[in-house]
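What's in protein.cif: mmCIF, C-alpha atoms; chains and numbers go by the auth columns
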data_upload
loop_
_atom_site.group_PDB
_atom_site.id
_atom_site.type_symbol
_atom_site.label_atom_id
_atom_site.label_comp_id
_atom_site.label_asym_id
_atom_site.label_seq_id
_atom_site.Cartn_x
_atom_site.Cartn_y
_atom_site.Cartn_z
_atom_site.B_iso_or_equiv
_atom_site.auth_seq_id
_atom_site.auth_asym_id
ATOM 1 C CA MET A 1 0.000 0.000 0.000 0.00 1 U
ATOM 2 C CA SER A 2 1.243 3.494 -0.820 0.00 2 U
ATOM 3 C CA ASP A 3 1.867 6.262 1.664 0.00 3 U
ATOM 4 C CA VAL A 4 -1.422 7.817 0.555 0.00 4 U
ATOM 5 C CA GLY A 5 -3.246 4.499 0.957 0.00 5 U
ATOM 6 C CA ASP A 6 -1.824 3.995 4.441 0.00 6 U
ATOM 7 C CA PHE A 7 -2.810 7.524 5.409 0.00 7 U
ATOM 8 C CA LEU A 8 -6.386 7.161 4.107 0.00 8 U
ATOM 9 C CA ALA A 9 -6.768 3.820 5.880 0.00 9 U
ATOM 10 C CA TRP A 10 -5.697 5.534 9.127 0.00 10 U
ATOM 11 C CA VAL A 11 -8.147 8.430 8.557 0.00 11 U
ATOM 12 C CA LYS A 12 -11.014 5.984 7.993 0.00 12 U
ATOM 13 C CA SER A 13 -10.154 3.828 11.007 0.00 13 U
ATOM 14 C CA GLU A 14 -8.205 5.347 13.914 0.00 14 U
ATOM 15 C CA LEU A 15 -9.113 8.983 13.249 0.00 15 U
ATOM 16 C CA HIS A 16 -12.794 8.113 12.746 0.00 16 U
ATOM 17 C CA GLU A 17 -12.914 5.981 15.918 0.00 17 U
ATOM 18 C CA ALA A 18 -11.220 8.718 17.967 0.00 18 U
ATOM 19 C CA GLU A 19 -13.732 11.340 16.839 0.00 19 U
ATOM 20 C CA LEU A 20 -16.653 8.995 17.493 0.00 20 U
ATOM 21 C CA ALA A 21 -15.332 8.330 21.007 0.00 21 U
ATOM 22 C CA LEU A 22 -14.912 12.060 21.688 0.00 22 U
ATOM 23 C CA HIS A 23 -18.500 12.726 20.674 0.00 23 U
ATOM 24 C CA ASN A 24 -19.527 9.974 23.105 0.00 24 U
ATOM 25 C CA GLY A 25 -17.689 11.762 25.929 0.00 25 U
ATOM 26 C CA ASP A 26 -14.323 9.939 25.822 0.00 26 U
ATOM 27 C CA PRO A 27 -11.399 12.222 24.873 0.00 27 U
ATOM 28 C CA GLY A 28 -8.777 9.492 25.424 0.00 28 U
ATOM 29 C CA PRO A 29 -8.645 8.150 21.851 0.00 29 U
ATOM 30 C CA ARG A 30 -8.415 11.692 20.450 0.00 30 U
ATOM 31 C CA ARG A 31 -5.467 12.413 22.739 0.00 31 U
ATOM 32 C CA GLU A 32 -3.781 9.239 21.444 0.00 32 U
ATOM 33 C CA ILE A 33 -3.899 10.349 17.803 0.00 33 U
ATOM 34 C CA TRP A 34 -2.599 13.848 18.533 0.00 34 U
ATOM 35 C CA SER A 35 1.074 14.709 18.483 0.00 35 U
ATOM 36 C CA ARG A 36 2.777 15.170 21.831 0.00 36 U
ATOM 37 C CA ASN A 37 5.412 17.283 20.062 0.00 37 U
ATOM 38 C CA GLU A 38 5.074 21.057 19.873 0.00 38 U
ATOM 39 C CA PRO A 39 3.770 22.927 18.034 0.00 39 U
ATOM 40 C CA VAL A 40 0.156 21.714 18.255 0.00 40 U
ATOM 41 C CA SER A 41 -2.926 23.900 17.915 0.00 41 U
ATOM 42 C CA VAL A 42 -6.688 24.023 17.482 0.00 42 U
ATOM 43 C CA LEU A 43 -8.730 26.833 16.023 0.00 43 U
ATOM 44 C CA GLY A 44 -12.011 25.273 17.022 0.00 44 U
ATOM 45 C CA ALA A 45 -15.652 25.825 16.327 0.00 45 U
ATOM 46 C CA TRP A 46 -16.222 26.561 20.033 0.00 46 U
ATOM 47 C CA ARG A 47 -12.774 27.003 21.588 0.00 47 U
ATOM 48 C CA ASN A 48 -9.123 27.457 20.603 0.00 48 U
ATOM 49 C CA ALA A 49 -5.956 25.903 22.038 0.00 49 U
ATOM 50 C CA ALA A 50 -2.224 26.375 21.490 0.00 50 U
ATOM 51 C CA GLY A 51 0.295 24.032 23.066 0.00 51 U
ATOM 52 C CA LEU A 52 -0.022 20.709 24.840 0.00 52 U
ATOM 53 C CA ASP A 53 -1.437 22.060 28.119 0.00 53 U
ATOM 54 C CA GLU A 54 -4.233 23.986 26.416 0.00 54 U
ATOM 55 C CA LEU A 55 -4.891 21.034 24.101 0.00 55 U
ATOM 56 C CA ASP A 56 -5.361 18.695 27.067 0.00 56 U
ATOM 57 C CA GLN A 57 -7.723 21.202 28.720 0.00 57 U
ATOM 58 C CA LEU A 58 -9.706 21.510 25.480 0.00 58 U
ATOM 59 C CA PHE A 59 -10.057 17.748 25.010 0.00 59 U
ATOM 60 C CA THR A 60 -11.177 17.338 28.638 0.00 60 U
ATOM 61 C CA ALA A 61 -13.801 20.082 28.234 0.00 61 U
ATOM 62 C CA LEU A 62 -15.079 18.603 24.965 0.00 62 U
ATOM 63 C CA GLY A 63 -15.319 15.149 26.535 0.00 63 U
ATOM 64 C CA GLN A 64 -17.379 16.613 29.369 0.00 64 U
ATOM 65 C CA SER A 65 -19.687 18.422 26.909 0.00 65 U
ATOM 66 C CA PHE A 66 -20.375 15.612 24.408 0.00 66 U
ATOM 67 C CA SER A 67 -22.396 12.419 24.941 0.00 67 U
ATOM 68 C CA ASP A 68 -24.798 10.032 23.226 0.00 68 U
ATOM 69 C CA CYS A 69 -23.364 10.296 19.707 0.00 69 U
ATOM 70 C CA THR A 70 -25.820 8.692 17.309 0.00 70 U
ATOM 71 C CA SER A 71 -23.944 9.606 14.128 0.00 71 U
ATOM 72 C CA TYR A 72 -20.480 10.790 13.108 0.00 72 U
ATOM 73 C CA ASP A 73 -19.512 10.960 9.430 0.00 73 U
ATOM 74 C CA PHE A 74 -16.426 12.618 7.978 0.00 74 U
ATOM 75 C CA GLU A 75 -17.115 13.636 4.381 0.00 75 U
ATOM 76 C CA LEU A 76 -13.557 13.896 3.077 0.00 76 U
ATOM 77 C CA GLN A 77 -13.373 16.493 0.311 0.00 77 U
ATOM 78 C CA THR A 78 -9.648 16.787 -0.304 0.00 78 U
ATOM 79 C CA TYR A 79 -6.363 15.525 1.115 0.00 79 U
ATOM 80 C CA ASP A 80 -2.698 15.148 0.299 0.00 80 U
ATOM 81 C CA VAL A 81 0.375 13.428 1.658 0.00 81 U
ATOM 82 C CA ALA A 82 3.828 14.924 1.075 0.00 82 U
ATOM 83 C CA GLY A 83 6.622 13.079 2.805 0.00 83 U
ATOM 84 C CA GLY A 84 6.058 13.223 6.549 0.00 84 U
ATOM 85 C CA MET A 85 3.169 15.695 6.365 0.00 85 U
ATOM 86 C CA ALA A 86 -0.459 15.390 5.289 0.00 86 U
ATOM 87 C CA TYR A 87 -3.714 17.298 5.430 0.00 87 U
ATOM 88 C CA THR A 88 -7.429 16.635 5.165 0.00 88 U
ATOM 89 C CA ALA A 89 -10.348 18.975 4.550 0.00 89 U
ATOM 90 C CA GLY A 90 -13.986 18.036 4.688 0.00 90 U
ATOM 91 C CA MET A 91 -17.299 18.146 6.458 0.00 91 U
ATOM 92 C CA GLU A 92 -18.012 16.458 9.786 0.00 92 U
ATOM 93 C CA HIS A 93 -21.697 15.572 10.136 0.00 93 U
ATOM 94 C CA ILE A 94 -22.471 14.942 13.805 0.00 94 U
ATOM 95 C CA SER A 95 -25.515 14.024 15.867 0.00 95 U
ATOM 96 C CA ALA A 96 -24.717 14.013 19.586 0.00 96 U
ATOM 97 C CA SER A 97 -25.793 15.600 22.827 0.00 97 U
ATOM 98 C CA VAL A 98 -23.983 18.799 23.771 0.00 98 U
ATOM 99 C CA ASP A 99 -24.294 19.587 27.468 0.00 99 U
ATOM 100 C CA GLY A 100 -27.203 17.140 27.612 0.00 100 U
ATOM 101 C CA GLU A 101 -29.143 18.600 24.671 0.00 101 U
ATOM 102 C CA PRO A 102 -29.424 16.525 21.468 0.00 102 U
ATOM 103 C CA ARG A 103 -27.997 18.419 18.481 0.00 103 U
ATOM 104 C CA THR A 104 -27.226 17.782 14.856 0.00 104 U
ATOM 105 C CA PHE A 105 -24.586 19.972 13.230 0.00 105 U
ATOM 106 C CA THR A 106 -21.956 20.081 10.506 0.00 106 U
ATOM 107 C CA LEU A 107 -18.409 21.338 10.944 0.00 107 U
ATOM 108 C CA ARG A 108 -16.013 22.333 8.187 0.00 108 U
ATOM 109 C CA ALA A 109 -12.761 20.783 9.356 0.00 109 U
ATOM 110 C CA THR A 110 -9.194 21.024 8.102 0.00 110 U
ATOM 111 C CA GLN A 111 -6.428 19.111 9.858 0.00 111 U
ATOM 112 C CA VAL A 112 -2.666 18.905 9.440 0.00 112 U
ATOM 113 C CA TYR A 113 -0.786 15.692 10.298 0.00 113 U
ATOM 114 C CA ARG A 114 2.819 14.702 10.945 0.00 114 U
ATOM 115 C CA HIS A 115 4.260 11.229 10.556 0.00 115 U
ATOM 116 C CA GLU A 116 6.036 10.579 13.878 0.00 116 U
ATOM 117 C CA ASP A 117 7.676 7.342 14.964 0.00 117 U
ATOM 118 C CA GLY A 118 5.915 5.390 12.221 0.00 118 U
ATOM 119 C CA GLN A 119 2.422 6.745 13.020 0.00 119 U
ATOM 120 C CA TRP A 120 0.240 9.583 11.794 0.00 120 U
ATOM 121 C CA LYS A 121 -0.468 12.231 14.432 0.00 121 U
ATOM 122 C CA VAL A 122 -2.669 15.331 14.268 0.00 122 U
ATOM 123 C CA ALA A 123 -0.722 18.570 14.745 0.00 123 U
ATOM 124 C CA HIS A 124 -3.323 21.215 13.901 0.00 124 U
ATOM 125 C CA ARG A 125 -7.099 21.431 13.518 0.00 125 U
ATOM 126 C CA HIS A 126 -9.273 24.233 12.254 0.00 126 U
ATOM 127 C CA ALA A 127 -13.040 23.786 12.366 0.00 127 U
ATOM 128 C CA ASP A 128 -16.059 26.010 12.192 0.00 128 U
ATOM 129 C CA THR A 129 -19.769 25.437 12.246 0.00 129 U
ATOM 130 C CA LEU A 130 -21.321 25.307 8.810 0.00 130 U
ATOM 131 C CA THR A 131 -24.271 27.645 8.582 0.00 131 U
ATOM 132 C CA PRO A 132 -26.894 27.563 5.833 0.00 132 U
ATOM 133 C CA GLY A 133 -25.722 29.264 2.665 0.00 133 U
ATOM 134 C CA THR A 134 -21.973 28.872 3.350 0.00 134 U
#
Spell out the structure here as structure tokens.
Amino acid sequence: MSDVGDFLAWVKSELHEAELALHNGDPGPRREIWSRNEPVSVLGAWRNAAGLDELDQLFTALGQSFSDCTSYDFELQTYDVAGGMAYTAGMEHISASVDGEPRTFTLRATQVYRHEDGQWKVAHRHADTLTPGT
């Protein structure tokens, strides 16, 4: 399998499972797929983070907010792999409870990845809530 094939297989398995777990209230799998090497950052739909300490605080807060995920789908629109770096851009369609209230929403999400110690790790995420007409 090519580097691109390996990367896409990882996106469709480990990355997908980590996001599903987060939206069910478990931030542990998301932490596992994120780089522990600086720099790391999130420009999030609800909150930003820069650096490992802020990232850990963000993932804890998100895990406490999300529960009861009934659907998570990542509609991959574009991606590339270049050596030890990669990116994805697409739409995340999510149905989960946020602070106990059931919600369905779509996020536009772009992520940057680094290949570290033989594994893909997320280094940066930018997401915003898709509103009608955008």
Selection: 9 Å around range 32-48 of chain U, all atoms listed in the file, excl. self and same-chain fewer than 3 positions, as a count of residues only:
28
When the PyMOL selection byres ((chain U and resi 60) around 10) is applied to the structure above, which residues does it catch, written out as a ChimeraX atom specification?
/U:22,25-28,31,54-59,61-65
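Proximity to Gly83 in chain U was assessed for U:Asp6, U:Arg103, U:His115, U:Leu130 counting only C-alpha atoms; the smallest distance is recorded for U:His115.
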Interatomic distance between CA of Ser97 in chain U and CA of Ala21 in chain U?
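Result for CA of Ser97 in chain U versus CA of Ala21 in chain U: 12.9 Å, one decimal.
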Computed interatomic separation between CA of Gly118 in chain U and CA of Glu17 in chain U (Å)
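Between CA of Gly118 in chain U and CA of Glu17 in chain U the gap is 19.2 Å.
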